[in-house]
Amino acid sequence: MSAANEEQYEVWKNLKPTSAYAVRELSSALESDDSTLDDLVDAYLFAKRQLAQSMRALMLSQLPAQCPEFAALRARIEAEMKNRYADRISERFLRVPYGSQVHELLFMILLQALGKPVDSDRLRVLTADSTHSERRARELRELGFNITTSAVDGSQFYTLVDLEIDYSKVPELIAKAINKAKDLEGAEKTRLTAKLFE
């Protein structure tokens with residue numbers, strides 16, 4: 001177990017008693033005929049927060065510190081960007097976005113289940129129950145990763161089908177970077193974007 005894994009495992013062990021207490025309190029509130037709406041909602045929110053933090057720590061304690069596959073795929077995308085556009089587009093726009101720790105962690109979860117659907121709720125565990133995890137998963141798809149979505153009984157699932165890259169997404173990534181540039185006027189953004197399709 002790496003130092004990072006051990007650290008997260010210690011966090012999990014420290015949070016575990018409070019999480020167990022929170023679950024007992026929620027159970028007690030649900031079983032009591034005297035519980036008010038406020039009692040139930042407060043107990044639920046307390047348990048939800050505690051469980052989100054502890055489950056995140058537990059999941060992080062089981063994941064590798066780094067994902068070489070994620071780094072390799074991003075390097076391939078950047079190489080493609082430069083091969084295609086280095087002679088036309090400034091290097092500042094030829095960098096691969098979406099390389100945060102959350103993106104990497106979500107990719108690891110999808111990679112562990114390669115070819116199989118992963119419930120979006122499981123992905124949210126990594127972000128302590130934040131819905132932003134689904135946005136980060138969609139951003140991975142914007143990179144050209146072969147990630148499909150499906151819905152079953154109202155739940156959303158993400159599947160990393162394989163490790164192939166859809167390089168047709170490259171112009172869109174660069175255009176997005178150009179459009180985000182705050183130091184460029186609209187006309188210059190339009191001119192640079194047009195170069196992507198020459």
# chains A, B, ... in the order shown; residues from 1 in each chain; ligands from 1
$ residues_around --residues "stretch 67-82 of chain A" --least-positions-apart "6" --cutoff "10 Å" --atoms "only C-alpha atoms" --output "ChimeraX atom specification"
/A:88-91,93-99,103-105,107-108,111,143-145,163-167,169-171,173-174
$ closest_atom_pairs --of "stretch 84-127 of chain A" --to "stretch 51-62 of chain A" --cutoff "8 Å" --atoms "only C-alpha atoms" --output "tab-separated table"
residue	atom	partner	partner_atom	distance
A:Val125	CA	A:Arg56	CA	5.3
A:Leu126	CA	A:Arg56	CA	5.1
A:Thr127	CA	A:Arg56	CA	6.9
$ write_last_selection --atoms "N, CA, C and O atoms" --output "mmCIF file, in the first residue's frame"
data_model
loop_
_atom_site.group_PDB
_atom_site.id
_atom_site.type_symbol
_atom_site.label_atom_id
_atom_site.label_comp_id
_atom_site.auth_asym_id
_atom_site.auth_seq_id
_atom_site.Cartn_x
_atom_site.Cartn_y
_atom_site.Cartn_z
ATOM 1 N N VAL A 125 -18.978 8.865 -5.479
ATOM 2 C CA VAL A 125 -18.289 8.559 -4.218
ATOM 3 C C VAL A 125 -16.920 9.241 -4.203
ATOM 4 O O VAL A 125 -16.465 9.739 -3.174
ATOM 5 N N LEU A 126 -16.261 9.290 -5.358
ATOM 6 C CA LEU A 126 -14.923 9.885 -5.440
ATOM 7 C C LEU A 126 -14.918 11.381 -5.163
ATOM 8 O O LEU A 126 -13.890 11.942 -4.798
ATOM 9 N N THR A 127 -16.049 12.017 -5.378
ATOM 10 C CA THR A 127 -16.116 13.457 -5.135
ATOM 11 C C THR A 127 -16.994 13.767 -3.922
ATOM 12 O O THR A 127 -17.551 14.854 -3.821
#
$ select_by_dssp --residues "chain A" --states "helix (DSSP H, G or I)" --output "VMD selection string"
chain A and resid 3 to 31 37 to 61 68 to 85 91 to 93 101 to 112 120 to 125 132 to 142 167 to 180 186 to 195
$ closest_residue --among "A:Val23, A:Leu45, A:Asp119, A:Glu172" --to "A:Asp153" --atoms "only C-alpha atoms"
A:Asp119
$ closest_atom_pairs --of "stretch 43-142 of chain A" --to "stretch 26-35 of chain A" --cutoff "10 Å" --atoms "only C-alpha atoms" --output "tab-separated table"
residue	atom	partner	partner_atom	distance
A:Ala43	CA	A:Leu26	CA	4.9
A:Tyr44	CA	A:Leu26	CA	5.9
A:Leu45	CA	A:Leu26	CA	9.1
A:Phe46	CA	A:Leu26	CA	8.3
A:Ala47	CA	A:Leu26	CA	6.8
A:Lys48	CA	A:Leu26	CA	9.7
$ atom_distance --atom1 "atom CA of A:Leu196" --atom2 "atom CA of A:Glu134"
28.8 Å
$ residues_around --residues "A:Thr149" --least-positions-apart "6" --cutoff "12 Å" --atoms "only C-alpha atoms" --output "PDB file with N, CA and C atoms, in the first residue's frame"
ATOM      1  N   LEU A 110     -13.282   3.815 -14.108  1.00  0.00           N
ATOM      2  CA  LEU A 110     -13.801   3.303 -15.374  1.00  0.00           C
ATOM      3  C   LEU A 110     -12.853   2.260 -15.969  1.00  0.00           C
ATOM      4  N   GLY A 115     -14.972  -1.945 -20.191  1.00  0.00           N
ATOM      5  CA  GLY A 115     -15.972  -2.685 -20.945  1.00  0.00           C
ATOM      6  C   GLY A 115     -17.270  -2.943 -20.196  1.00  0.00           C
ATOM      7  N   LYS A 116     -17.315  -2.554 -18.911  1.00  0.00           N
ATOM      8  CA  LYS A 116     -18.519  -2.786 -18.106  1.00  0.00           C
ATOM      9  C   LYS A 116     -19.075  -1.449 -17.614  1.00  0.00           C
ATOM     10  N   PRO A 117     -20.387  -1.329 -17.504  1.00  0.00           N
ATOM     11  CA  PRO A 117     -20.979  -0.077 -17.036  1.00  0.00           C
ATOM     12  C   PRO A 117     -20.706   0.190 -15.562  1.00  0.00           C
ATOM     13  N   VAL A 118     -20.466   1.454 -15.257  1.00  0.00           N
ATOM     14  CA  VAL A 118     -20.237   1.885 -13.871  1.00  0.00           C
ATOM     15  C   VAL A 118     -21.325   2.888 -13.510  1.00  0.00           C
ATOM     16  N   ASP A 119     -22.007   2.627 -12.419  1.00  0.00           N
ATOM     17  CA  ASP A 119     -23.084   3.504 -11.953  1.00  0.00           C
ATOM     18  C   ASP A 119     -22.517   4.890 -11.628  1.00  0.00           C
ATOM     19  N   SER A 120     -23.208   5.931 -12.074  1.00  0.00           N
ATOM     20  CA  SER A 120     -22.749   7.293 -11.792  1.00  0.00           C
ATOM     21  C   SER A 120     -22.699   7.558 -10.290  1.00  0.00           C
ATOM     22  N   GLU A 134     -20.107  13.651 -12.660  1.00  0.00           N
ATOM     23  CA  GLU A 134     -20.683  13.299 -13.958  1.00  0.00           C
ATOM     24  C   GLU A 134     -20.217  14.270 -15.038  1.00  0.00           C
ATOM     25  N   ALA A 137     -16.805  13.217 -15.983  1.00  0.00           N
ATOM     26  CA  ALA A 137     -16.847  12.027 -16.847  1.00  0.00           C
ATOM     27  C   ALA A 137     -17.167  12.427 -18.281  1.00  0.00           C
ATOM     28  N   ARG A 138     -18.086  13.380 -18.448  1.00  0.00           N
ATOM     29  CA  ARG A 138     -18.411  13.853 -19.798  1.00  0.00           C
ATOM     30  C   ARG A 138     -17.215  14.560 -20.427  1.00  0.00           C
ATOM     31  N   ARG A 141     -14.961  12.215 -22.052  1.00  0.00           N
ATOM     32  CA  ARG A 141     -15.479  11.851 -23.374  1.00  0.00           C
ATOM     33  C   ARG A 141     -15.129  12.927 -24.400  1.00  0.00           C
ATOM     34  N   SER A 155     -31.182   5.192 -13.396  1.00  0.00           N
ATOM     35  CA  SER A 155     -29.789   5.423 -13.018  1.00  0.00           C
ATOM     36  C   SER A 155     -28.929   5.580 -14.267  1.00  0.00           C
ATOM     37  N   GLN A 156     -27.938   6.455 -14.178  1.00  0.00           N
ATOM     38  CA  GLN A 156     -27.030   6.712 -15.293  1.00  0.00           C
ATOM     39  C   GLN A 156     -25.776   5.864 -15.127  1.00  0.00           C
ATOM     40  N   PHE A 157     -25.315   5.271 -16.223  1.00  0.00           N
ATOM     41  CA  PHE A 157     -24.116   4.445 -16.206  1.00  0.00           C
ATOM     42  C   PHE A 157     -23.129   4.943 -17.250  1.00  0.00           C
ATOM     43  N   TYR A 158     -21.838   4.822 -16.913  1.00  0.00           N
ATOM     44  CA  TYR A 158     -20.759   5.173 -17.840  1.00  0.00           C
ATOM     45  C   TYR A 158     -19.911   3.933 -18.091  1.00  0.00           C
ATOM     46  N   THR A 159     -19.545   3.723 -19.356  1.00  0.00           N
ATOM     47  CA  THR A 159     -18.720   2.571 -19.720  1.00  0.00           C
ATOM     48  C   THR A 159     -17.516   3.033 -20.525  1.00  0.00           C
ATOM     49  N   LEU A 160     -16.317   2.704 -20.060  1.00  0.00           N
ATOM     50  CA  LEU A 160     -15.111   2.904 -20.863  1.00  0.00           C
ATOM     51  C   LEU A 160     -15.001   1.667 -21.747  1.00  0.00           C
ATOM     52  N   VAL A 161     -15.329   1.839 -23.013  1.00  0.00           N
ATOM     53  CA  VAL A 161     -15.447   0.703 -23.925  1.00  0.00           C
ATOM     54  C   VAL A 161     -14.086   0.089 -24.241  1.00  0.00           C
TER      55      VAL A 161
END
$ atom_distance --atom1 "atom CA of A:Leu192" --atom2 "atom CA of A:Ala175"
8.2 Å
$ atom_distance --atom1 "atom CA of A:Asn5" --atom2 "atom CA of A:Ala65"
7.3 Å
$ select_by_dssp --residues "stretch 111-152 of chain A" --states "strand (DSSP E or B)" --output "ChimeraX atom specification"
/A:118-119,145-152
$ write_last_selection --atoms "C-alpha atoms" --output "CSV table (one decimal), in the first residue's frame"
chain,number,residue,atom,x,y,z
A,118,VAL,CA,-20.2,1.9,-13.9
A,119,ASP,CA,-23.1,3.5,-12.0
A,145,PHE,CA,-12.1,8.6,-24.8
A,146,ASN,CA,-14.5,5.9,-25.8
A,147,ILE,CA,-17.0,6.4,-23.0
A,148,THR,CA,-20.6,5.6,-23.5
A,149,THR,CA,-23.6,6.4,-21.3
A,150,SER,CA,-26.7,4.4,-20.7
A,151,ALA,CA,-29.7,4.6,-18.3
A,152,VAL,CA,-31.2,1.7,-16.4
$ closest_residue --among "A:Arg136, A:Lys195, A:Arg92, A:Arg124" --to "A:Lys180" --atoms "only C-alpha atoms"
A:Arg92
$ closest_residue --among "A:Glu139, A:Leu123, A:Val41, A:Ile109" --to "A:Glu25" --atoms "only C-alpha atoms"
A:Val41
